[in-house]
$ cat target04.txt   # compact mmCIF, C-alpha atoms
# COMPACT_ATOMS: atom_id res chain seq x y z
CA MET A 815 -14.78 70.30 -67.60
CA PRO A 816 -15.79 66.81 -68.86
CA GLU A 817 -15.22 63.93 -66.48
CA LEU A 818 -12.63 61.20 -66.34
CA ARG A 819 -14.27 58.29 -64.56
CA VAL A 820 -11.78 56.69 -62.19
CA VAL A 821 -12.48 53.15 -61.04
CA ASP A 822 -10.16 51.40 -58.59
CA PHE A 823 -11.25 47.77 -58.35
CA GLY A 824 -8.53 46.88 -55.87
CA ARG A 825 -7.62 43.19 -55.65
CA VAL A 826 -9.66 40.96 -57.96
CA SER A 827 -9.56 37.42 -59.33
CA ALA A 828 -7.26 36.60 -62.21
CA LEU A 829 -10.24 36.37 -64.58
CA ARG A 830 -11.74 39.65 -63.45
CA SER A 831 -8.38 41.40 -63.76
CA GLN A 832 -9.00 41.00 -67.49
CA THR A 833 -12.76 41.02 -67.92
CA LEU A 834 -13.39 44.12 -65.80
CA TRP A 835 -11.49 46.48 -68.04
CA HIS A 836 -12.81 44.84 -71.20
CA ALA A 837 -16.31 45.52 -69.82
CA LEU A 838 -15.37 49.15 -69.26
CA ALA A 839 -14.13 49.37 -72.85
CA TYR A 840 -17.49 48.17 -74.16
CA GLY A 841 -19.14 50.70 -71.85
CA VAL A 842 -17.03 53.56 -73.18
CA SER A 843 -17.77 52.38 -76.72
CA ALA A 844 -21.49 52.58 -75.94
CA GLY A 845 -21.19 56.16 -74.77
CA GLY A 846 -19.78 55.83 -71.27
CA PRO A 847 -17.29 58.42 -70.02
CA PRO A 848 -13.54 58.21 -70.61
CA THR A 849 -12.29 55.90 -67.88
CA LEU A 850 -9.07 55.27 -66.00
CA SER A 851 -9.13 52.01 -64.06
CA PHE A 852 -6.88 50.08 -61.73
CA MET A 853 -6.81 46.57 -60.35
CA ARG A 854 -4.44 43.93 -59.08
CA PRO A 855 -4.85 40.18 -59.62
CA SER A 856 -5.09 38.14 -56.44
CA ARG A 857 -3.04 35.28 -57.87
CA PRO A 858 -0.60 34.50 -60.69
CA TYR A 859 -1.86 33.65 -64.16
CA VAL A 860 -0.88 33.84 -67.80
CA GLY A 861 -2.15 36.35 -70.34
CA LEU A 862 -2.09 35.70 -74.07
CA GLY A 863 -2.04 38.50 -76.66
CA TYR A 864 -5.03 38.60 -78.98
CA HIS A 865 -3.27 37.26 -82.07
CA ARG A 866 -0.87 34.84 -80.41
CA ARG A 867 -1.00 31.08 -80.90
CA LEU A 868 -2.05 29.17 -77.82
CA GLU A 869 0.87 26.85 -78.52
CA GLU A 870 3.23 29.67 -77.55
CA ALA A 871 2.27 29.04 -73.91
CA ASP A 872 3.44 25.89 -72.17
CA ILE A 873 -0.04 24.78 -71.20
CA ALA A 874 1.19 21.68 -69.36
CA ALA A 875 3.55 23.80 -67.26
CA CYS A 876 0.77 26.31 -66.57
CA ARG A 877 -1.57 23.51 -65.50
CA GLU A 878 1.09 21.98 -63.27
CA ALA A 879 1.71 25.36 -61.64
CA GLY A 880 -2.02 26.00 -61.28
CA LEU A 881 -1.90 29.02 -63.56
CA PRO A 882 -5.05 29.83 -65.53
CA VAL A 883 -4.54 31.18 -69.04
CA PHE A 884 -6.70 33.95 -70.51
CA ARG A 885 -6.62 35.52 -73.95
CA ARG A 886 -6.91 39.31 -73.89
CA MET A 887 -8.10 41.62 -76.67
CA VAL A 888 -4.97 43.79 -76.69
CA GLY A 889 -1.74 42.91 -78.43
CA GLY A 890 1.57 41.54 -77.27
CA GLY A 891 2.75 38.09 -76.36
CA VAL A 892 2.46 35.46 -73.63
CA VAL A 893 2.96 37.19 -70.28
CA TYR A 894 3.16 36.08 -66.68
CA LEU A 895 1.03 38.23 -64.39
CA ASP A 896 0.73 38.15 -60.62
CA GLU A 897 -0.24 39.99 -57.47
CA HIS A 898 2.97 42.03 -57.51
CA GLN A 899 1.70 43.98 -60.51
CA GLN A 900 -0.62 46.98 -60.33
CA PHE A 901 -2.59 47.08 -63.57
CA PHE A 902 -3.88 50.32 -65.06
CA GLN A 903 -6.05 51.00 -68.13
CA ILE A 904 -7.01 54.20 -69.90
CA CYS A 905 -10.05 53.93 -72.14
CA LEU A 906 -11.38 56.63 -74.46
CA PRO A 907 -13.88 56.95 -77.32
CA ALA A 908 -12.03 55.97 -80.50
CA ALA A 909 -13.04 59.22 -82.17
CA SER A 910 -11.01 61.18 -79.61
CA VAL A 911 -7.81 59.21 -80.24
CA SER A 912 -5.34 59.84 -83.08
CA ARG A 913 -5.77 57.51 -86.05
CA ASN A 914 -1.99 57.17 -86.09
CA ARG A 915 -1.45 54.23 -83.75
CA GLN A 916 2.09 55.15 -82.79
CA ARG A 917 1.02 58.69 -81.96
CA ALA A 918 -1.98 57.40 -80.02
CA LEU A 919 0.25 55.12 -77.97
CA ARG A 920 2.73 57.90 -77.29
CA GLU A 921 -0.06 60.24 -76.16
CA LEU A 922 -1.71 57.64 -73.94
CA LEU A 923 1.47 56.23 -72.39
CA SER A 924 3.07 59.61 -71.63
CA PRO A 925 0.84 60.24 -68.57
CA ALA A 926 1.88 56.84 -67.23
CA VAL A 927 5.50 57.88 -67.60
CA ALA A 928 4.69 61.03 -65.60
CA ALA A 929 3.11 58.84 -62.91
CA PHE A 930 6.21 56.64 -62.70
CA ARG A 931 8.36 59.74 -62.34
CA ALA A 932 6.09 61.17 -59.65
CA ALA A 933 6.50 57.89 -57.78
CA GLY A 934 10.28 58.29 -57.92
CA VAL A 935 11.10 56.16 -60.97
CA PRO A 936 13.24 57.90 -63.64
CA ALA A 937 11.08 56.46 -66.42
CA GLU A 938 11.16 57.46 -70.06
CA LEU A 939 9.19 56.54 -73.16
CA ASP A 940 11.75 55.32 -75.69
CA ASP A 941 11.62 55.34 -79.47
CA HIS A 942 10.08 51.84 -79.45
CA LEU A 943 7.23 53.15 -77.24
CA GLU A 944 8.44 51.13 -74.27
CA ILE A 945 8.43 52.67 -70.81
CA VAL A 946 12.01 52.16 -69.69
CA VAL A 947 14.63 52.97 -67.12
CA GLY A 948 17.91 52.82 -68.96
CA GLU A 949 17.69 49.83 -71.29
CA ALA A 950 15.19 47.93 -69.14
CA LYS A 951 11.48 47.87 -69.82
CA ILE A 952 9.54 48.54 -66.61
CA CYS A 953 5.95 48.40 -67.87
CA GLY A 954 4.19 45.84 -70.02
CA HIS A 955 1.68 47.59 -72.22
CA GLY A 956 -0.82 46.73 -74.92
CA ALA A 957 -3.66 48.45 -76.74
CA ALA A 958 -6.77 47.76 -78.74
CA GLN A 959 -9.73 49.31 -80.38
CA ILE A 960 -12.75 47.49 -78.93
CA ASP A 961 -15.81 48.51 -80.92
CA ASP A 962 -15.74 52.31 -80.73
CA ALA A 963 -13.37 52.62 -77.77
CA VAL A 964 -9.59 52.58 -77.55
CA VAL A 965 -7.98 51.08 -74.47
CA VAL A 966 -4.32 51.20 -73.50
CA VAL A 967 -3.24 48.97 -70.63
CA GLY A 968 -0.07 48.78 -68.59
CA ASN A 969 1.32 47.75 -65.24
CA LEU A 970 3.50 48.88 -62.39
CA ILE A 971 5.73 45.88 -61.72
CA GLU A 972 6.67 45.87 -58.06
CA ARG A 973 8.43 42.52 -58.20
CA PHE A 974 9.13 40.31 -61.19
CA ASP A 975 9.89 36.61 -61.24
CA HIS A 976 11.92 36.26 -64.43
CA ALA A 977 12.19 32.48 -64.16
CA ALA A 978 8.44 32.06 -63.69
CA ALA A 979 7.79 34.40 -66.64
CA ALA A 980 10.03 32.28 -68.88
CA ARG A 981 8.66 29.00 -67.52
CA VAL A 982 5.20 29.61 -68.97
CA LEU A 983 6.60 29.95 -72.50
CA ALA A 984 6.72 26.84 -74.66
CA LEU A 985 10.44 26.82 -75.37
CA PRO A 986 13.33 24.38 -75.59
CA ASP A 987 15.41 24.58 -72.39
CA GLU A 988 18.36 26.11 -74.20
CA VAL A 989 16.16 28.93 -75.55
CA ARG A 990 14.47 29.43 -72.20
CA SER A 991 17.85 29.94 -70.51
CA GLU A 992 18.69 32.65 -72.99
CA VAL A 993 15.26 34.29 -72.53
CA VAL A 994 15.76 34.36 -68.76
CA ARG A 995 19.20 35.90 -69.21
CA LEU A 996 17.75 38.62 -71.44
CA MET A 997 14.73 39.22 -69.20
CA GLU A 998 17.04 39.80 -66.26
CA ARG A 999 18.83 42.44 -68.32
CA PHE A 1000 15.92 44.01 -70.15
CA VAL A 1001 12.87 43.71 -67.84
CA ALA A 1002 13.03 45.38 -64.42
CA ALA A 1003 10.68 45.85 -61.50
CA THR A 1004 10.18 49.24 -59.89
CA PRO A 1005 9.21 48.60 -56.25
CA VAL A 1006 7.54 51.91 -55.46
CA ASP A 1007 4.37 52.69 -53.52
CA SER A 1008 1.43 51.75 -55.74
CA ALA A 1009 -0.92 54.25 -54.06
CA THR A 1010 1.47 57.06 -54.96
CA PHE A 1011 1.58 55.75 -58.52
CA ARG A 1012 -2.23 55.60 -58.75
CA THR A 1013 -2.66 59.11 -57.40
CA ALA A 1014 -0.07 60.44 -59.81
CA ALA A 1015 -1.62 58.56 -62.74
CA ILE A 1016 -5.04 60.03 -62.02
CA ALA A 1017 -3.60 63.53 -61.98
CA ALA A 1018 -1.45 62.96 -65.07
CA TYR A 1019 -4.22 61.46 -67.21
CA GLY A 1020 -6.70 64.11 -66.09
CA GLU A 1021 -4.31 66.89 -67.03
CA ALA A 1022 -3.17 65.35 -70.32
CA LEU A 1023 -6.72 64.70 -71.49
CA GLY A 1024 -8.25 67.89 -70.09
CA LEU A 1025 -10.68 65.86 -67.98
CA GLN A 1026 -11.78 66.16 -64.36
CA PRO A 1027 -11.14 62.90 -62.44
CA VAL A 1028 -14.25 61.65 -60.64
CA SER A 1029 -14.59 58.35 -58.80
CA GLY A 1030 -17.03 55.98 -60.45
CA TRP A 1031 -18.08 52.38 -60.87
CA LEU A 1032 -19.49 49.98 -63.45
CA SER A 1033 -22.79 50.91 -65.06
CA ALA A 1034 -25.63 48.38 -65.20
CA SER A 1035 -24.86 47.57 -68.83
CA GLU A 1036 -21.18 47.13 -68.01
CA ARG A 1037 -22.08 44.68 -65.25
CA GLU A 1038 -24.13 42.69 -67.74
CA ARG A 1039 -21.23 42.79 -70.20
CA LEU A 1040 -18.87 41.65 -67.46
CA LEU A 1041 -20.82 38.43 -67.00
CA GLU A 1042 -20.76 37.78 -70.73
CA LEU A 1043 -17.00 38.40 -70.80
CA ASP A 1044 -16.44 36.09 -67.83
CA GLY A 1045 -18.01 33.30 -69.86
CA ARG A 1046 -16.27 34.25 -73.09
CA PHE A 1047 -12.79 34.36 -71.52
CA ARG A 1048 -13.30 30.96 -69.91
CA SER A 1049 -14.42 29.30 -73.13
CA PRO A 1050 -12.00 26.99 -74.98
CA ALA A 1051 -12.93 28.56 -78.31
CA TRP A 1052 -11.93 32.04 -77.12
CA LEU A 1053 -8.73 30.71 -75.60
CA ARG A 1054 -7.87 28.97 -78.86
CA GLY A 1055 -8.15 32.33 -80.66
CA PRO A 1056 -7.90 33.14 -84.35
CA GLY A 1057 -6.23 30.40 -86.34
CA ARG A 1058 -2.60 31.17 -86.97
CA PRO A 1059 -0.03 29.38 -89.11
CA ALA A 1060 3.00 28.02 -87.27
CA PRO A 1061 5.97 30.32 -87.86
CA GLN A 1062 8.97 29.10 -89.83
CA CYS A 1063 11.26 29.85 -86.91
CA GLY A 1064 10.71 30.42 -83.21
CA GLU A 1065 10.85 33.92 -81.78
CA VAL A 1066 10.45 35.45 -78.34
CA LYS A 1067 10.32 39.21 -77.96
CA VAL A 1068 11.72 40.19 -74.56
CA ARG A 1069 11.09 43.87 -75.16
CA ALA A 1070 10.90 45.99 -78.30
CA GLY A 1071 14.18 45.57 -80.15
CA VAL A 1072 15.27 42.54 -78.10
CA HIS A 1073 14.48 39.11 -79.55
CA VAL A 1074 15.58 35.54 -79.34
CA VAL A 1075 15.09 33.66 -82.61
CA TRP A 1076 15.81 30.04 -83.26
CA THR A 1077 15.29 27.32 -85.78
CA GLU A 1078 15.65 23.55 -85.58
CA GLN A 1079 16.25 20.97 -88.24
CA GLU A 1080 17.01 17.29 -87.79
CA GLY A 1081 18.23 17.77 -84.25
CA ARG A 1082 20.37 20.78 -85.04
CA ARG A 1083 19.47 24.12 -83.50
CA ALA A 1084 20.64 27.64 -84.31
CA LEU A 1085 19.75 30.34 -81.81
CA ALA A 1086 20.42 34.05 -82.18
CA THR A 1087 20.04 36.87 -79.69
CA VAL A 1088 19.13 40.08 -81.52
CA VAL A 1089 19.47 43.40 -79.71
CA GLY A 1090 18.76 46.66 -81.47
CA GLY A 1091 18.83 45.02 -84.89
CA HIS A 1092 22.22 43.35 -84.34
CA ILE A 1093 23.00 39.73 -83.61
CA GLU A 1094 24.60 39.99 -80.20
CA ARG A 1095 24.99 36.29 -79.55
CA MET A 1096 24.61 33.11 -81.56
CA GLN A 1097 24.56 29.50 -80.52
CA VAL A 1098 24.66 26.47 -82.76
CA SER A 1099 24.12 23.02 -81.35
CA ASP A 1100 24.32 19.76 -83.22
CA PRO A 1101 24.42 16.36 -81.54
CA GLY A 1102 26.60 15.15 -84.41
CA LEU A 1103 29.24 17.75 -83.76
CA ASP A 1104 32.14 17.37 -81.42
CA GLY A 1105 31.17 18.81 -78.02
CA ALA A 1106 34.16 21.10 -77.92
CA LEU A 1107 33.30 22.60 -81.28
CA THR A 1108 29.69 23.21 -80.21
CA ALA A 1109 30.93 24.92 -77.06
CA ALA A 1110 33.30 27.06 -79.09
CA LEU A 1111 30.57 28.08 -81.52
CA ALA A 1112 28.31 28.96 -78.61
CA LYS A 1113 30.83 31.59 -77.53
CA VAL A 1114 30.99 33.31 -80.90
CA ARG A 1115 30.16 37.00 -80.63
CA LEU A 1116 29.28 38.98 -83.70
CA PRO A 1117 30.04 42.71 -83.75
CA GLY A 1118 26.98 44.72 -82.63
CA MET B 259 1.26 44.76 -110.57
CA ALA B 260 -1.03 47.73 -110.14
CA GLU B 261 -0.07 51.05 -111.71
CA ILE B 262 0.71 53.42 -108.86
CA THR B 263 0.31 57.18 -109.12
CA GLU B 264 1.75 59.56 -106.54
CA VAL B 265 -0.90 61.67 -104.83
CA ALA B 266 0.10 64.06 -102.05
CA GLY B 267 3.27 62.07 -101.43
CA PHE B 268 1.61 58.64 -101.31
CA GLY B 269 1.26 55.92 -103.90
CA VAL B 270 -2.34 55.41 -105.01
CA ALA B 271 -3.82 52.96 -107.52
CA LEU B 272 -6.42 54.84 -109.52
CA ASP B 273 -7.96 51.77 -111.15
CA ARG B 274 -10.22 50.84 -108.22
CA ALA B 275 -12.61 52.29 -105.65
CA TYR B 276 -11.91 53.50 -102.12
CA ASP B 277 -13.89 53.49 -98.90
CA PRO B 278 -13.73 57.08 -97.64
CA ALA B 279 -14.43 55.90 -94.08
CA GLY B 280 -11.69 53.38 -93.66
CA HIS B 281 -8.86 53.68 -96.19
CA PHE B 282 -9.56 50.35 -97.78
CA TRP B 283 -9.61 49.84 -101.53
CA VAL B 284 -12.10 47.69 -103.43
CA SER B 285 -11.38 46.09 -106.79
CA MET B 286 -13.86 43.89 -108.64
CA VAL B 287 -12.14 40.65 -109.65
CA ALA B 288 -15.25 38.96 -111.10
CA PRO B 289 -18.93 39.86 -111.39
CA GLY B 290 -20.16 40.32 -107.83
CA ARG B 291 -16.79 39.47 -106.31
CA ALA B 292 -14.58 42.17 -104.73
CA ARG B 293 -11.00 42.11 -103.55
CA ILE B 294 -10.24 44.38 -100.60
CA GLY B 295 -6.96 45.83 -99.40
CA MET B 296 -5.54 48.71 -97.42
CA ASP B 297 -4.45 51.94 -99.08
CA ALA B 298 -1.15 53.71 -98.50
CA LEU B 299 -2.56 56.10 -95.92
CA GLY B 300 -4.03 53.22 -93.94
CA VAL B 301 -0.65 51.51 -94.04
CA GLU B 302 1.15 54.68 -92.98
CA THR B 303 -1.04 55.25 -89.93
CA SER B 304 -0.99 51.60 -88.86
CA GLY B 305 2.76 51.50 -88.33
CA THR B 306 4.77 48.30 -88.66
CA ILE B 307 2.23 45.51 -88.97
CA ALA B 308 3.04 42.55 -86.72
CA GLN B 309 -0.06 40.37 -87.04
CA LEU B 310 -3.12 40.00 -89.25
CA ALA B 311 -6.11 37.71 -88.80
CA PHE B 312 -9.22 37.33 -90.93
CA LEU B 313 -12.69 35.91 -90.63
CA ALA B 314 -13.03 32.39 -91.95
CA VAL B 315 -14.04 31.86 -95.57
CA GLY B 316 -17.81 31.60 -95.74
CA GLU B 317 -18.51 34.11 -92.96
CA HIS B 318 -21.07 36.80 -93.70
CA LEU B 319 -20.64 40.36 -92.56
CA GLU B 320 -22.27 43.73 -92.93
CA ARG B 321 -20.57 46.88 -94.15
CA GLY B 322 -18.81 48.47 -91.17
CA GLU B 323 -18.21 45.16 -89.41
CA ALA B 324 -14.71 43.77 -89.02
CA PHE B 325 -13.47 41.30 -91.62
CA GLY B 326 -10.34 40.81 -89.57
CA SER B 327 -7.90 42.44 -87.20
CA LEU B 328 -4.48 44.01 -87.39
CA GLU B 329 -1.81 44.39 -84.73
CA ALA B 330 0.99 46.95 -84.84
CA ALA B 331 3.09 48.04 -81.86
CA LYS B 332 0.94 45.81 -79.64
CA PHE B 333 -2.13 47.82 -80.72
CA VAL B 334 -4.95 45.60 -82.02
CA GLY B 335 -7.60 47.12 -84.21
CA PRO B 336 -10.41 46.01 -86.50
CA LEU B 337 -10.22 45.84 -90.28
CA THR B 338 -13.55 47.37 -91.15
CA SER B 339 -15.33 46.09 -94.21
CA PRO B 340 -16.34 48.65 -96.83
CA LEU B 341 -19.00 46.27 -98.16
CA SER B 342 -21.50 43.68 -96.99
CA GLY B 343 -21.10 40.16 -98.21
CA ARG B 344 -19.58 36.72 -97.72
CA VAL B 345 -15.85 36.15 -97.40
CA THR B 346 -14.68 33.89 -100.23
CA ALA B 347 -10.89 34.09 -99.83
CA THR B 348 -8.26 35.43 -97.48
CA ASN B 349 -4.67 36.19 -98.37
CA ASP B 350 -2.58 33.65 -96.47
CA ALA B 351 0.61 35.31 -97.70
CA VAL B 352 0.00 38.44 -95.60
CA VAL B 353 -0.86 36.37 -92.54
CA VAL B 354 2.55 34.70 -92.80
CA ASP B 355 4.33 37.91 -93.81
CA PRO B 356 2.34 41.00 -92.71
CA ALA B 357 5.07 43.30 -94.05
CA LEU B 358 3.82 42.37 -97.52
CA VAL B 359 0.93 44.78 -96.93
CA GLU B 360 3.43 47.58 -96.38
CA ARG B 361 5.60 46.61 -99.34
CA ASP B 362 2.84 46.07 -101.88
CA PRO B 363 -0.54 47.24 -100.55
CA TYR B 364 -2.28 47.36 -103.94
CA SER B 365 -1.28 43.98 -105.37
CA ALA B 366 0.33 41.11 -103.44
CA GLY B 367 -0.69 42.67 -100.12
CA TRP B 368 -4.43 42.35 -100.68
CA LEU B 369 -6.43 41.17 -97.65
CA VAL B 370 -9.70 39.39 -98.47
CA GLU B 371 -12.13 38.69 -101.28
CA MET B 372 -15.87 38.62 -100.84
CA ASP B 373 -19.06 38.06 -102.76
CA ILE B 374 -20.85 41.31 -102.26
CA ALA B 375 -24.41 41.26 -100.97
CA ASP B 376 -25.52 44.71 -102.07
CA ALA B 377 -24.09 46.19 -105.26
CA GLY B 378 -25.65 49.50 -104.28
CA GLU B 379 -22.99 49.91 -101.61
CA LEU B 380 -20.41 50.35 -104.37
CA GLY B 381 -22.00 53.73 -105.03
CA GLY B 382 -20.78 54.94 -101.65
CA LEU B 383 -17.16 54.38 -102.60
CA VAL B 384 -14.88 56.91 -104.27
CA SER B 385 -14.00 55.85 -107.80
CA GLY B 386 -12.60 57.42 -110.96
CA ALA B 387 -9.10 58.85 -111.26
CA GLN B 388 -9.94 62.49 -110.61
CA PRO B 389 -12.39 61.96 -107.70
CA ILE B 390 -9.83 59.64 -106.08
CA ARG B 391 -7.09 62.24 -106.45
CA VAL B 392 -9.26 64.97 -104.94
CA TRP B 393 -10.46 62.80 -102.08
CA PHE B 394 -7.02 61.41 -101.27
CA GLU B 395 -5.35 64.85 -101.33
CA ALA B 396 -8.03 66.14 -98.96
CA GLU B 397 -7.52 63.17 -96.65
CA VAL B 398 -3.77 63.69 -96.52
CA GLU B 399 -4.26 67.39 -95.82
CA ASP B 400 -6.77 66.61 -93.07
CA TYR B 401 -4.41 64.06 -91.52
CA ARG B 402 -1.54 66.54 -91.60
CA LEU B 403 -3.67 69.27 -89.98
CA LYS B 404 -4.71 66.87 -87.23
CA GLY B 405 -1.13 65.77 -86.67
CA VAL B 406 -1.91 62.20 -87.69
CA LEU B 407 0.97 62.26 -90.18
CA ALA B 408 4.52 63.28 -89.41
CA GLU B 409 5.54 66.60 -91.00

$ encode --input "target04.txt" --output "structure tokens"
Amino acid sequence: MPELRVVDFGRVSALRSQTLWHALAYGVSAGGPPTLSFMRPSRPYVGLGYHRRLEEADIAACREAGLPVFRRMVGGGVVYLDEHQQFFQICLPAASVSRNRQRALRELLSPAVAAFRAAGVPAELDDHLEIVVGEAKICGHGAAQIDDAVVVVGNLIERFDHAAAARVLALPDEVRSEVVRLMERFVAATPVDSATFRTAAIAAYGEALGLQPVSGWLSASERERLLELDGRFRSPAWLRGPGRPAPQCGEVKVRAGVHVVWTEQEGRRALATVVGGHIERMQVSDPGLDGALTAALAKVRLPG
Amino acid sequence: MAEITEVAGFGVALDRAYDPAGHFWVSMVAPGRARIGMDALGVETSGTIAQLAFLAVGEHLERGEAFGSLEAAKFVGPLTSPLSGRVTATNDAVVVDPALVERDPYSAGWLVEMDIADAGELGGLVSGAQPIRVWFEAEVEDYRLKGVLAE
């Protein structure tokens, strides 16, 4: 049976919690074996999805809190990451992964769901491809094709600081409050034993992929690549990312199907909370309006 | 607007060439200048497109290298160029509104234009109404057999 290389890096620096698995992806692309890896950052930091504008992160707040910011090559938004999260990554040759991205994600996240369940978490993969318990997302995931490899990443969140996660987003205070409220409802930690989760993930990915798990480590070429990635991820140009136009209105995705959108014009702000395609809550604020009217409008609920 | 013909359940514009490796179409808009976009099968397998980014105008690339990237369902992937050349224009409209690629992949949802470096590479593309039909039907059948497309 072909091998599934399993690499557990343990606790690593914030930078290496990103660059290590990117190095593995380049290694798999160059002919290395399919690889399942694990690591945990030693300190909090902020991760930025590949296409996201740097301006979406509150860089001043990150600097004040001593949080480094790194742009990753997988998708998703601005995320707060810390030592209470066990990261995992599955990386395969692109040719062995479905060309249908949704199908690929479903196939490569399903073993993680099995691992959560083996660790005692009643997890499910919902129609939005989020790993959930009830309506709450319990795993932040992303994916990318890096050269000729596909990598899917996720995390076991043992503890989650919703306020800290919202604080690193560049948002007006009013929007941030709403994001925190939604995060508390739609993002949940699952404080289970991470060793149990890792063991179950190794078994689940091995079985799903028809591969024999074997402990391994970085190859020489992957170590060389790691050094290059360390430099790349620290460079201002990489952090700046691909140029993006500023959006016409602000938007924060809390989980798939749950968004806060807002727009501002001449001091007026309209903010809507969208859940499952319906406006669940809407707030309008205008310094020119009577305070009582603004408060009344803020309580308006539209039918879901 | 391009004239769209249904082939194996998908809309296909038969007035241009297709890269059999990547489901991108190529249409010559001036001598030596090609416009590139994604075909309906590429759109179908990408899912709902959330983000697009392109190389800067003026960048050179070889056939098979990425002229940009696409993100759908938090999955980032390369947009692989069917030709070698120099990027001369990118479609800002699809960067602002990526769903335009899904709504109108053969016209308003084009991706980039480039001055091609090697006209000989055009010979590797599928062109002509009947060869396109045959190739596209075979691709759809292959995708269905592999479970890439929903039944």

$ interface_residues --input "target04.txt" --of "chain A" --to "chain B" --cutoff "8 Å" --atoms "only C-alpha atoms" --output "list of chain:residue names"
A:Tyr864, A:His865, A:Met887, A:Val888, A:Gly889, A:Gly890, A:Ser912, A:Arg913, A:Asn914, A:Arg915, A:Gln916, A:Arg917, A:His955, A:Gly956, A:Ala957, A:Ala958, A:Gln959, A:Ile960, A:Pro1056, A:Gly1057, A:Arg1058, A:Pro1059, A:Pro1061

$ atom_distance --input "target04.txt" --atom1 "atom CA of B:Met259" --atom2 "atom CA of B:Arg344"
25.8 Å

$ atom_distance --input "target04.txt" --atom1 "atom CA of A:Ile945" --atom2 "atom CA of A:Val927"
6.8 Å

$ axis_aligned_box --input "target04.txt" --around "stretch 1055-1065 of chain A" --padding-each-side "3 Å" --output "AutoDock Vina command-line options"
--center_x 1.6 --center_y 31.0 --center_z -85.2 --size_x 25.4 --size_y 11.9 --size_z 15.2

$ atom_distance --input "target04.txt" --atom1 "atom CA of A:Leu923" --atom2 "atom CA of A:Glu944"
8.8 Å

$ residues_around --input "target04.txt" --residues "stretch 855-857 of chain A" --least-positions-apart "4" --cutoff "7 Å" --atoms "all atoms listed in the file" --output "list in words"
Arg825, Val826, Ser827, Ala828, Ser831, Asp896 and Glu897 of chain A

$ closest_residue --input "target04.txt" --among "A:Ala918, A:Ala1014, A:Ala1002, A:Ala909" --to "A:Val947" --atoms "only C-alpha atoms"
A:Ala1002

$ residues_around --input "target04.txt" --residues "A:Gln903" --least-positions-apart "4" --cutoff "6 Å" --atoms "only C-alpha atoms" --output "ChimeraX atom specification"
/A:850-851,966-967

$ closest_residue --input "target04.txt" --among "A:Phe930, A:Phe974, A:Trp1052, A:Trp1031" --to "A:Phe852" --atoms "all atoms listed in the file"
A:Trp1031

$ residues_around --input "target04.txt" --residues "A:Ala1015" --least-positions-apart "5" --cutoff "12 Å" --atoms "only C-alpha atoms" --output "PyMOL selection string"
chain A and resi 818+820+822+850-852+900-904+922-933+968-970+1008-1010+1020-1023+1027
